[in-house]
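> Coordinates in protein02.txt, compact mmCIF, C-alpha atoms, are listed below.
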```txt
# COMPACT_ATOMS: atom_id res chain seq x y z
CA MET A 1 -35.05 -2.79 16.21
CA ALA A 2 -31.79 -1.88 17.93
CA ASP A 3 -31.71 1.77 18.97
CA ARG A 4 -28.11 2.11 17.86
CA VAL A 5 -25.63 -0.21 16.12
CA THR A 6 -21.90 0.47 16.26
CA VAL A 7 -19.46 -1.67 14.30
CA ILE A 8 -15.92 -1.69 15.70
CA GLY A 9 -12.97 -2.85 13.64
CA TRP A 10 -10.25 -4.37 15.80
CA ASP A 11 -6.70 -4.94 14.53
CA GLY A 12 -5.16 -6.14 17.81
CA SER A 13 -4.19 -2.69 19.06
CA PRO A 14 -5.80 -1.09 22.16
CA LEU A 15 -9.36 0.06 21.58
CA THR A 16 -9.87 3.78 20.98
CA ALA A 17 -11.83 5.94 23.41
CA THR A 18 -14.75 5.98 20.95
CA ALA A 19 -14.76 2.18 20.74
CA ARG A 20 -14.55 1.78 24.54
CA ALA A 21 -17.44 4.21 25.04
CA ALA A 22 -19.62 2.34 22.55
CA LEU A 23 -18.83 -1.00 24.22
CA GLY A 24 -19.50 0.37 27.67
CA ALA A 25 -23.04 1.37 26.66
CA ALA A 26 -23.83 -1.86 24.79
CA THR A 27 -26.69 -4.14 25.78
CA LEU A 28 -25.79 -6.62 23.01
CA VAL A 29 -22.30 -7.46 21.73
CA ALA A 30 -21.69 -9.65 18.68
CA GLY A 31 -18.32 -10.96 17.58
CA ALA A 32 -15.99 -13.92 17.35
CA ALA A 33 -14.89 -15.74 20.50
CA HIS A 34 -11.73 -13.65 20.91
CA HIS A 35 -13.78 -10.46 20.59
CA LEU A 36 -16.31 -11.50 23.20
CA ALA A 37 -13.44 -12.29 25.59
CA LEU A 38 -12.18 -8.69 25.57
CA PRO A 39 -12.31 -7.14 29.07
CA GLU A 40 -14.16 -4.07 27.73
CA VAL A 41 -17.26 -6.15 26.90
CA PRO A 42 -19.90 -5.43 29.62
CA PRO A 43 -20.63 -8.54 31.70
CA THR A 44 -24.37 -7.81 31.58
CA ALA A 45 -24.57 -7.48 27.79
CA GLU A 46 -26.16 -10.19 25.69
CA ARG A 47 -23.45 -11.95 23.69
CA VAL A 48 -23.91 -13.21 20.16
CA ARG A 49 -21.25 -15.42 18.60
CA LEU A 50 -20.75 -14.49 14.96
CA GLY A 51 -21.18 -17.53 12.78
CA SER A 52 -23.85 -16.82 10.20
CA LEU A 53 -23.82 -13.06 9.62
CA THR A 54 -27.42 -13.19 8.43
CA LEU A 55 -28.65 -14.83 11.65
CA ALA A 56 -26.65 -12.38 13.76
CA ALA A 57 -28.10 -9.43 11.81
CA ARG A 58 -31.63 -10.71 12.47
CA ARG A 59 -30.95 -10.92 16.22
CA ILE A 60 -29.50 -7.42 16.22
CA ALA A 61 -32.47 -6.06 14.26
CA ALA A 62 -34.85 -7.64 16.80
CA HIS A 63 -32.92 -6.34 19.82
CA ARG A 64 -34.28 -3.40 21.82
CA GLY A 65 -31.23 -1.58 23.07
CA THR A 66 -27.74 -0.61 21.99
CA ALA A 67 -25.78 -3.13 19.90
CA VAL A 68 -22.06 -3.37 19.15
CA VAL A 69 -20.53 -5.65 16.53
CA LEU A 70 -16.81 -6.43 16.78
CA ALA A 71 -14.93 -7.53 13.68
CA ASP A 72 -11.31 -7.98 12.68
CA GLY A 73 -9.68 -5.25 10.60
CA ASP A 74 -11.79 -2.81 8.63
CA PRO A 75 -15.40 -4.04 8.76
CA GLY A 76 -16.27 -1.98 5.70
CA PHE A 77 -13.77 -3.83 3.48
CA PHE A 78 -15.23 -7.26 2.58
CA GLY A 79 -16.71 -7.16 6.08
CA VAL A 80 -19.87 -7.21 8.16
CA VAL A 81 -21.04 -3.68 7.31
CA ARG A 82 -22.44 -4.81 3.96
CA THR A 83 -24.61 -7.49 5.59
CA LEU A 84 -25.81 -5.24 8.40
CA ARG A 85 -26.81 -2.52 5.93
CA ALA A 86 -28.83 -4.93 3.74
CA PRO A 87 -32.37 -3.58 3.14
CA GLU A 88 -34.08 -6.54 4.81
CA PHE A 89 -32.64 -5.60 8.22
CA GLY A 90 -33.18 -1.83 8.09
CA LEU A 91 -30.11 -1.14 10.23
CA GLU A 92 -28.23 2.15 10.23
CA VAL A 93 -24.72 1.65 11.56
CA GLU A 94 -21.85 3.74 12.86
CA VAL A 95 -18.42 2.38 12.01
CA VAL A 96 -15.19 2.65 13.99
CA PRO A 97 -12.70 1.26 11.46
CA GLY A 98 -9.53 -0.65 12.15
CA VAL A 99 -6.57 -1.36 9.88
CA SER A 100 -7.73 -3.89 7.28
CA SER A 101 -6.00 -7.24 7.21
CA VAL A 102 -4.87 -6.55 3.65
CA ALA A 103 -3.24 -3.26 4.63
CA ALA A 104 -1.63 -4.97 7.63
CA ALA A 105 -0.32 -7.83 5.49
CA PHE A 106 1.34 -5.50 2.99
CA ALA A 107 2.76 -3.45 5.86
CA ARG A 108 4.34 -6.60 7.34
CA ALA A 109 5.78 -7.39 3.90
CA GLY A 110 7.02 -3.80 3.44
CA MET A 111 5.30 -3.54 0.06
CA PRO A 112 3.00 -0.96 -1.55
CA TRP A 113 -0.42 -2.28 -2.49
CA ASP A 114 -2.16 0.40 -4.56
CA ASP A 115 -1.29 -1.73 -7.61
CA ALA A 116 -2.56 -5.02 -6.12
CA GLN A 117 -5.69 -6.98 -6.92
CA VAL A 118 -7.69 -8.01 -3.83
CA VAL A 119 -9.85 -11.15 -3.94
CA VAL A 120 -11.80 -13.28 -1.49
CA ALA A 121 -11.27 -17.03 -1.68
CA HIS A 122 -13.71 -19.51 -0.21
CA PRO A 123 -14.56 -22.94 -1.65
CA ARG A 124 -17.08 -21.46 -4.11
CA THR A 125 -14.78 -18.71 -5.46
CA LEU A 126 -11.38 -20.39 -5.05
CA ARG A 127 -10.92 -21.22 -8.74
CA ARG A 128 -11.68 -17.65 -9.80
CA ALA A 129 -9.29 -16.27 -7.16
CA VAL A 130 -6.57 -18.56 -8.52
CA ASN A 131 -7.23 -17.28 -12.04
CA VAL A 132 -6.65 -13.72 -10.83
CA CYS A 133 -3.33 -14.89 -9.37
CA ARG A 134 -2.44 -16.39 -12.76
CA ALA A 135 -3.24 -13.16 -14.59
CA HIS A 136 -1.66 -10.55 -12.29
CA THR A 137 1.71 -9.98 -10.68
CA LYS A 138 0.47 -8.87 -7.24
CA VAL A 139 -2.69 -10.20 -5.58
CA ALA A 140 -3.89 -10.23 -1.97
CA VAL A 141 -6.09 -13.22 -1.19
CA LEU A 142 -8.43 -13.15 1.82
CA THR A 143 -8.70 -16.86 2.51
CA ALA A 144 -11.22 -19.13 4.23
CA PRO A 145 -11.10 -22.70 5.57
CA GLY A 146 -10.85 -25.04 2.58
CA ALA A 147 -9.58 -22.22 0.38
CA GLY A 148 -6.26 -21.32 2.00
CA PRO A 149 -2.59 -21.16 1.03
CA ALA A 150 -2.30 -24.92 0.41
CA GLU A 151 -5.26 -24.99 -1.97
CA LEU A 152 -4.03 -21.88 -3.78
CA GLY A 153 -0.63 -23.48 -4.30
CA LEU A 154 -2.09 -26.73 -5.59
CA LEU A 155 -4.31 -25.00 -8.14
CA LEU A 156 -1.46 -22.78 -9.34
CA ASP A 157 0.35 -25.88 -10.58
CA GLY A 158 2.74 -24.88 -13.37
CA VAL A 159 2.71 -21.16 -12.47
CA HIS A 160 5.58 -20.00 -10.26
CA ARG A 161 4.59 -17.44 -7.65
CA THR A 162 5.90 -16.35 -4.24
CA PHE A 163 3.49 -16.47 -1.29
CA VAL A 164 3.76 -14.12 1.68
CA ILE A 165 1.46 -15.82 4.19
CA CYS A 166 0.32 -13.71 7.13
CA GLU A 167 -1.34 -15.77 9.87
CA GLU A 168 -3.46 -14.39 12.72
CA LEU A 169 -2.50 -10.77 12.14
CA GLY A 170 -2.75 -8.50 15.18
CA THR A 171 -2.60 -11.33 17.72
CA GLU A 172 0.17 -12.75 19.87
CA ARG A 173 0.31 -15.73 17.47
CA GLU A 174 0.94 -13.56 14.40
CA GLN A 175 3.39 -15.10 11.96
CA VAL A 176 4.61 -14.10 8.48
CA THR A 177 6.09 -16.80 6.23
CA VAL A 178 7.51 -16.56 2.71
CA VAL A 179 7.36 -19.70 0.53
CA THR A 180 7.15 -20.52 -3.15
CA SER A 181 3.70 -21.52 -4.37
CA ASP A 182 4.74 -25.15 -5.00
CA LYS A 183 5.73 -25.54 -1.33
CA ALA A 184 2.57 -24.04 0.21
CA ALA A 185 0.78 -27.40 0.31
CA ASP A 186 3.59 -28.89 2.42
CA HIS A 187 2.51 -26.92 5.51
CA THR A 188 -0.53 -26.52 7.74
CA TRP A 189 -1.63 -22.90 8.01
CA ARG A 190 -3.63 -21.26 10.79
CA ASP A 191 -6.81 -19.30 10.15
CA PRO A 192 -7.40 -16.48 9.65
CA ASN A 193 -4.69 -15.67 7.16
CA VAL A 194 -4.01 -13.39 4.21
CA VAL A 195 -1.83 -14.50 1.31
CA ILE A 196 0.07 -12.00 -0.81
CA VAL A 197 0.79 -13.65 -4.17
CA VAL A 198 3.57 -12.03 -6.19
CA GLY A 199 5.49 -13.03 -9.29
CA GLY A 200 5.40 -13.17 -13.05
CA ARG A 201 7.07 -10.85 -15.48
CA ILE A 202 6.52 -7.12 -15.28
CA GLY A 203 6.00 -5.87 -18.80
CA ALA A 204 5.25 -2.58 -20.47
CA ALA A 205 1.75 -2.29 -19.02
CA GLU A 206 2.70 -2.79 -15.37
CA GLY A 207 3.63 -0.21 -12.76
CA GLY A 208 2.15 2.38 -10.42
CA GLY A 209 -0.36 4.88 -11.69
CA TRP A 210 -3.51 6.83 -10.98
CA ILE A 211 -5.99 4.08 -10.05
CA ALA A 212 -5.90 1.29 -7.48
CA GLY A 213 -5.53 -2.25 -8.76
CA ARG A 214 -5.20 -2.93 -12.46
CA ASP A 215 -5.07 0.13 -14.70
CA PRO A 216 -7.86 -0.41 -17.27
CA ALA A 217 -6.25 2.13 -19.61
CA ALA A 218 -2.82 0.46 -19.72
CA GLY A 219 -1.61 -0.18 -23.25
CA PRO A 220 -3.09 0.98 -26.55
CA ARG A 221 -6.83 1.45 -27.06
CA GLY A 222 -9.01 -1.12 -28.78
CA TRP A 223 -10.11 -4.69 -28.15
CA THR A 224 -7.79 -5.81 -30.91
CA LEU A 225 -4.47 -4.51 -32.17
CA PRO A 226 -3.33 -4.28 -35.79
CA ALA A 227 -1.17 -6.97 -37.34
CA GLY A 228 1.93 -4.84 -36.90
CA ALA A 229 1.68 -5.23 -33.13
CA TYR A 230 2.66 -8.91 -33.47
CA ASP A 231 5.67 -10.69 -34.92
CA GLY A 232 5.36 -12.50 -38.24
CA ASP A 233 2.34 -12.96 -40.46
CA LEU A 234 -1.01 -13.57 -38.79
CA GLY A 235 -2.80 -16.78 -39.74
CA GLU A 236 -6.15 -16.89 -41.52
CA GLY A 237 -7.92 -17.22 -38.16
CA GLU A 238 -6.14 -14.20 -36.68
CA THR A 239 -7.35 -11.29 -38.79
CA GLN A 240 -8.27 -8.24 -36.76
CA PRO A 241 -12.02 -8.32 -37.60
CA LEU A 242 -12.27 -12.02 -36.75
CA ARG A 243 -10.39 -11.54 -33.46
CA ALA A 244 -12.73 -8.70 -32.51
CA ALA A 245 -15.76 -10.89 -33.20
CA GLN A 246 -14.27 -13.78 -31.23
CA LEU A 247 -13.57 -11.55 -28.23
CA ALA A 248 -17.09 -10.14 -28.41
CA ARG A 249 -18.62 -13.64 -28.38
CA LEU A 250 -16.44 -14.96 -25.54
CA GLY A 251 -16.32 -11.85 -23.37
CA PRO A 252 -13.22 -12.83 -21.32
CA ARG A 253 -13.08 -11.09 -17.93
CA THR A 254 -11.26 -10.99 -14.62
CA GLY A 255 -11.53 -14.35 -12.84
CA ASP A 256 -11.93 -16.34 -16.07
CA LEU A 257 -9.55 -18.96 -17.40
CA VAL A 258 -9.31 -18.82 -21.20
CA TRP A 259 -7.91 -21.57 -23.37
CA ASP A 260 -6.49 -20.36 -26.70
CA ILE A 261 -5.86 -23.51 -28.73
CA GLY A 262 -3.66 -22.92 -31.74
CA CYS A 263 -2.39 -19.59 -30.44
CA GLY A 264 -0.32 -18.80 -33.57
CA SER A 265 1.13 -15.31 -33.16
CA GLY A 266 -0.31 -14.88 -29.67
CA ALA A 267 -2.67 -12.11 -30.83
CA PHE A 268 -5.90 -13.51 -29.37
CA ALA A 269 -4.22 -14.79 -26.18
CA THR A 270 -2.65 -11.38 -25.55
CA GLU A 271 -5.92 -9.55 -26.11
CA ALA A 272 -7.87 -11.88 -23.83
CA ALA A 273 -5.25 -11.27 -21.15
CA ARG A 274 -5.53 -7.50 -21.70
CA ALA A 275 -9.20 -7.90 -20.72
CA GLY A 276 -8.06 -9.22 -17.31
CA ALA A 277 -8.51 -12.96 -17.85
CA ALA A 278 -6.00 -15.71 -17.13
CA VAL A 279 -4.95 -17.40 -20.37
CA LEU A 280 -3.48 -20.76 -21.30
CA ALA A 281 -2.04 -20.48 -24.82
CA VAL A 282 -1.63 -23.86 -26.52
CA ASP A 283 0.23 -24.68 -29.73
CA ARG A 284 2.13 -27.65 -31.15
CA ASP A 285 4.58 -25.36 -32.98
CA PRO A 286 7.45 -24.24 -30.72
CA GLU A 287 7.93 -21.12 -32.85
CA ALA A 288 4.29 -20.14 -32.28
CA CYS A 289 4.82 -20.62 -28.54
CA ALA A 290 7.89 -18.37 -28.70
CA ARG A 291 6.00 -15.68 -30.65
CA THR A 292 3.15 -15.80 -28.14
CA ASP A 293 5.55 -15.50 -25.23
CA ALA A 294 7.24 -12.50 -26.87
CA ALA A 295 3.86 -10.83 -27.53
CA ALA A 296 2.85 -11.27 -23.90
CA LEU A 297 6.09 -9.70 -22.68
CA ARG A 298 5.84 -6.81 -25.13
CA HIS A 299 2.26 -5.97 -24.13
CA GLY A 300 2.76 -6.50 -20.41
CA VAL A 301 0.39 -9.43 -19.79
CA GLN A 302 0.81 -12.76 -18.03
CA LEU A 303 0.29 -15.90 -20.14
CA GLN A 304 0.96 -19.56 -19.48
CA ILE A 305 2.33 -21.19 -22.63
CA VAL A 306 1.59 -24.89 -23.21
CA HIS A 307 3.56 -26.63 -25.95
CA GLY A 308 1.74 -29.71 -27.20
CA THR A 309 -0.74 -31.15 -29.64
CA ALA A 310 -4.48 -30.91 -29.00
CA PRO A 311 -6.62 -32.73 -28.04
CA HIS A 312 -4.18 -34.88 -26.04
CA VAL A 313 -2.40 -31.98 -24.34
CA LEU A 314 -5.73 -30.64 -23.04
CA GLU A 315 -6.36 -33.58 -20.70
CA ASP A 316 -4.28 -32.23 -17.80
CA LEU A 317 -5.15 -28.54 -18.13
CA PRO A 318 -7.31 -26.82 -15.47
CA GLU A 319 -10.98 -26.26 -16.25
CA PRO A 320 -11.66 -23.38 -18.69
CA ASP A 321 -14.45 -20.81 -18.58
CA VAL A 322 -14.28 -19.88 -22.27
CA VAL A 323 -12.28 -21.35 -25.16
CA ARG A 324 -11.10 -20.13 -28.54
CA ILE A 325 -10.18 -22.91 -30.96
CA GLY A 326 -7.85 -21.60 -33.62
CA GLY A 327 -7.07 -24.99 -35.15
CA GLY A 328 -7.35 -28.74 -34.78
CA GLY A 329 -10.68 -29.45 -36.42
CA ALA A 330 -13.70 -31.39 -35.17
CA ALA A 331 -11.68 -33.66 -32.86
CA VAL A 332 -10.46 -30.69 -30.83
CA VAL A 333 -13.91 -29.10 -30.79
CA SER A 334 -15.39 -32.32 -29.40
CA ALA A 335 -12.67 -32.68 -26.75
CA VAL A 336 -13.18 -29.08 -25.64
CA ALA A 337 -16.98 -29.46 -25.47
CA ASP A 338 -16.49 -32.49 -23.23
CA ARG A 339 -14.92 -30.14 -20.65
CA ARG A 340 -18.11 -28.01 -20.57
CA PRO A 341 -16.77 -24.43 -20.76
CA GLN A 342 -19.40 -21.69 -20.73
CA ARG A 343 -18.58 -20.56 -24.24
CA ILE A 344 -16.64 -21.86 -27.23
CA VAL A 345 -15.72 -19.96 -30.38
CA THR A 346 -14.02 -21.24 -33.51
CA HIS A 347 -14.03 -20.56 -37.24
CA ALA A 348 -14.32 -22.54 -40.46
CA ALA A 349 -13.20 -21.88 -44.01
CA THR A 350 -16.17 -23.61 -45.71
CA ARG A 351 -19.86 -24.04 -45.05
CA ASP A 352 -19.53 -27.83 -44.90
CA GLU A 353 -16.83 -27.55 -42.24
CA ALA A 354 -18.93 -25.04 -40.30
CA GLU A 355 -21.96 -27.37 -40.41
CA LEU A 356 -19.88 -30.30 -39.13
CA VAL A 357 -18.52 -28.28 -36.19
CA GLY A 358 -21.92 -26.77 -35.44
CA ARG A 359 -23.61 -30.18 -35.32
CA ASP A 360 -20.94 -31.44 -32.91
CA LEU A 361 -21.47 -28.49 -30.57
CA THR A 362 -25.25 -28.96 -30.72
CA GLU A 363 -24.90 -32.65 -29.82
CA HIS A 364 -22.88 -31.59 -26.77
CA GLY A 365 -25.75 -29.40 -25.58
CA TYR A 366 -24.50 -26.02 -26.82
CA GLU A 367 -26.70 -23.35 -28.38
CA VAL A 368 -24.89 -22.57 -31.63
CA GLU A 369 -24.67 -19.41 -33.70
CA CYS A 370 -22.88 -19.12 -37.03
CA SER A 371 -22.12 -16.00 -39.05
CA LEU A 372 -20.32 -15.50 -42.35
CA LEU A 373 -17.78 -12.73 -41.83
CA GLN A 374 -16.26 -10.99 -44.82
CA SER A 375 -13.80 -8.14 -44.44
CA VAL A 376 -12.10 -6.08 -47.10
CA GLU A 377 -9.13 -3.84 -46.38
CA LEU A 378 -8.67 -0.77 -48.57
CA ASP A 379 -5.65 1.38 -49.29
CA THR A 380 -7.14 4.79 -48.46
CA ARG A 381 -4.60 6.60 -50.61
CA HIS A 382 -6.16 5.12 -53.74
CA TRP A 383 -9.24 3.37 -52.26
CA THR A 384 -8.14 0.10 -53.77
CA GLU A 385 -8.60 -3.31 -52.23
CA THR A 386 -5.48 -4.69 -50.53
CA GLU A 387 -6.77 -7.78 -48.73
CA ARG A 388 -9.99 -9.76 -48.45
CA SER A 389 -10.83 -12.43 -45.86
CA VAL A 390 -13.86 -14.69 -45.46
CA ALA A 391 -14.60 -16.99 -42.52
CA PHE A 392 -17.53 -18.68 -40.84
CA LEU A 393 -17.57 -17.68 -37.16
CA LEU A 394 -19.13 -20.32 -34.90
CA SER A 395 -19.91 -19.85 -31.24
CA GLY A 396 -21.50 -22.15 -28.70
CA VAL A 397 -23.07 -21.18 -25.39
CA LEU A 398 -23.84 -23.79 -22.73
CA PRO A 399 -27.28 -22.78 -21.39
CA ASP A 400 -26.84 -24.24 -17.90
CA ARG A 401 -23.55 -22.32 -17.44
CA ALA A 402 -24.51 -19.01 -19.01
CA PRO A 403 -23.69 -16.17 -18.88
```
Please, can you express the file's structure as structure tokens?

Amino acid sequence: MADRVTVIGWDGSPLTATARAALGAATLVAGAAHHLALPEVPPTAERVRLGSLTLAARRIAAHRGTAVVLADGDPGFFGVVRTLRAPEFGLEVEVVPGVSSVAAAFARAGMPWDDAQVVVAHPRTLRRAVNVCRAHTKVAVLTAPGAGPAELGLLLDGVHRTFVICEELGTEREQVTVVTSDKAADHTWRDPNVVIVVGGRIGAAEGGGWIAGRDPAAGPRGWTLPAGAYDGDLGEGETQPLRAAQLARLGPRTGDLVWDIGCGSGAFATEAARAGAAVLAVDRDPEACARTDAAALRHGVQLQIVHGTAPHVLEDLPEPDVVRIGGGGAAVVSAVADRRPQRIVTHAATRDEAELVGRDLTEHGYEVECSLLQSVELDTRHWTETERSVAFLLSGVLPDRAP
């Protein structure tokens, strides 16, 4: 095992005295090609080109001597320190941090970033990173080949955002470019780059505060809000107890894309967005779309409104993670199940209707649960009944995509 491992973050500025001393004593140096070309790297040291971090960590663990790992930016922020400290390697490291690429990107843009979301996009996580950009007004995306500015722009189709693209930060080839998201695919971008994605409406829940990123306490408490928080009368599928049960079954979260089909007043769509998910709210009624848009603005969340009739309007929508079906019947349920979201929830007014929907979900490979929900509201001044609602709540979970 290496006697000593020092990780040096390099942001393009001259190395500190501590970093130079560690390099001068190194018998093994690992880093990218531009790191290994630094004049401070001892000519007698073994050089390891960083490709697979796991393979490099194994070589460092097997080395007898003093090892130095060079990395861009802050190696403790989505960097190599996590891999090197993994239990299977048994390495204890000393870290000489540099300015992270995210901090540098926001500095170049002249913007604060304590209120920004930070995500990593590579081909496996690109869709989830895009969903965060849909749901939030300020996001920094650490990109990778195949998951860069062009791919982000293509997947954000229909959502207007501004991209601040920072290429090769800290080098002589550094360049900062501002484009709209729909134009990002028209260019070829150099790696590595960081993309700051900004845009959307700032509502009541946005703004600086006491915690970095999204404030989990923004807005009123509760998974669901009372009817008075929304314009107009709520439909039979929008009662507060039913919405709470639907949210509990779907569990929308940051990185998810939620479809809310038959969004009505916008109550469910707004509450799914309050949980951090990206939401597409669909309705054939233009007044319902307007109410949903107003609810999103009032509660400070980002929604994409889609006016059209399901199931036909669903064909061109991006792939969902979870779906609430507020209306449309068995035909919509079948069309949604064909898209294979992880979870589907809907409701029925009668047992026969519930059985029909449940059989359809089962035939599509979903594990189905059905509960009869009955809620009674009481006037607590006189303890008299004011409203009663009954609904069959159906949920389907696709086993091969769970959780």
> Neighbouring residues of Ile60 (chain A) were defined as those with any atom within 12 Å, considering all atoms listed in the file; residues of the same chain fewer than 4 positions away were excluded. Please report them as a ChimeraX atom specification.
/A:1-7,26-31,46-50,53-56,64-69,83-85,89-93
> Would you mind exporting the chosen residues as a short mmCIF file (atom, residue, chain, number, x, y, z; two decimals), keeping the file's coordinate frame, restricted to C-alpha atoms?

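Wrote out21.cif, looks like this:
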```cif
data_model
loop_
_atom_site.label_atom_id
_atom_site.label_comp_id
_atom_site.auth_asym_id
_atom_site.auth_seq_id
_atom_site.Cartn_x
_atom_site.Cartn_y
_atom_site.Cartn_z
CA MET A 1 -35.05 -2.79 16.21
CA ALA A 2 -31.79 -1.88 17.93
CA ASP A 3 -31.71 1.77 18.97
CA ARG A 4 -28.11 2.11 17.86
CA VAL A 5 -25.63 -0.21 16.12
CA THR A 6 -21.90 0.47 16.26
CA VAL A 7 -19.46 -1.67 14.30
CA ALA A 26 -23.83 -1.86 24.79
CA THR A 27 -26.69 -4.14 25.78
CA LEU A 28 -25.79 -6.62 23.01
CA VAL A 29 -22.30 -7.46 21.73
CA ALA A 30 -21.69 -9.65 18.68
CA GLY A 31 -18.32 -10.96 17.58
CA GLU A 46 -26.16 -10.19 25.69
CA ARG A 47 -23.45 -11.95 23.69
CA VAL A 48 -23.91 -13.21 20.16
CA ARG A 49 -21.25 -15.42 18.60
CA LEU A 50 -20.75 -14.49 14.96
CA LEU A 53 -23.82 -13.06 9.62
CA THR A 54 -27.42 -13.19 8.43
CA LEU A 55 -28.65 -14.83 11.65
CA ALA A 56 -26.65 -12.38 13.76
CA ARG A 64 -34.28 -3.40 21.82
CA GLY A 65 -31.23 -1.58 23.07
CA THR A 66 -27.74 -0.61 21.99
CA ALA A 67 -25.78 -3.13 19.90
CA VAL A 68 -22.06 -3.37 19.15
CA VAL A 69 -20.53 -5.65 16.53
CA THR A 83 -24.61 -7.49 5.59
CA LEU A 84 -25.81 -5.24 8.40
CA ARG A 85 -26.81 -2.52 5.93
CA PHE A 89 -32.64 -5.60 8.22
CA GLY A 90 -33.18 -1.83 8.09
CA LEU A 91 -30.11 -1.14 10.23
CA GLU A 92 -28.23 2.15 10.23
CA VAL A 93 -24.72 1.65 11.56
#
```
> Go through A:Gln302, A:Ala273, A:Pro39, A:Phe77 and flag the residue nearest Arg161 (chain A), using all atoms listed in the file for the distances.
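Nearest to Arg161 (chain A): A:Gln302.
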> Out of A:Ala295, A:Ile196, A:Ala144, A:Ile325, which residue has the shortest atom-to-atom distance to Gly237 (chain A) when counting all atoms listed in the file?
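The closest residue to Gly237 (chain A) is A:Ile325.
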> In Å, how far is it from CA of Leu154 (chain A) to CA of Ala185 (chain A)?
6.6 Å
> Between A:Asp283, A:Asp293, A:Glu40, A:Glu168, which has the minimum distance to Asp11 (chain A) (counting only C-alpha atoms)?
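Between A:Asp283, A:Asp293, A:Glu40, A:Glu168, the residue approaching Asp11 (chain A) most closely is A:Glu168.
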> Between A:Gly199, A:Gly213, A:Gly228, A:Gly264, single out the one closest to Trp113 (chain A), counting all atoms listed in the file.
A:Gly213
> Near Asp231 (chain A), within 12 Å and counting all atoms listed in the file, which residues show up once chain neighbours fewer than 4 positions away are dropped, as a PyMOL selection string?
chain A and resi 226-227+235+264-267+287-296+298
> Which residue out of A:Thr362, A:Thr143, A:Ser52, A:Thr18 has the minimum interatomic distance to Val95 (chain A) when all atoms listed in the file are used?
A:Thr18
> Taking all listed atoms of region 17-31 of chain A, build the axis-aligned box, pad each of the six sides by 4 Å, then write its centre and edge lengths in Å to one decimal as JSON.

```
{"center_x": -19.3, "center_y": -2.5, "center_z": 22.6, "size_x": 22.9, "size_y": 24.9, "size_z": 18.1}
```
> Which polymer residues, protein or nucleic acid, are no farther than 12 Å from (2.1, -12.9, -1.4), counting all atoms listed in the file, as JSON, numbers by chain?
{"A": [102, 105, 106, 107, 108, 109, 110, 111, 112, 113, 116, 117, 118, 133, 136, 137, 138, 139, 140, 141, 142, 149, 152, 153, 160, 161, 162, 163, 164, 165, 166, 176, 177, 178, 179, 180, 181, 184, 193, 194, 195, 196, 197, 198, 199]}
> Calculate how many Å separate CA of His347 (chain A) from CA of His299 (chain A), rounding to one decimal.
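Interatomic distance, CA of His347 (chain A) to CA of His299 (chain A): 25.5 Å.
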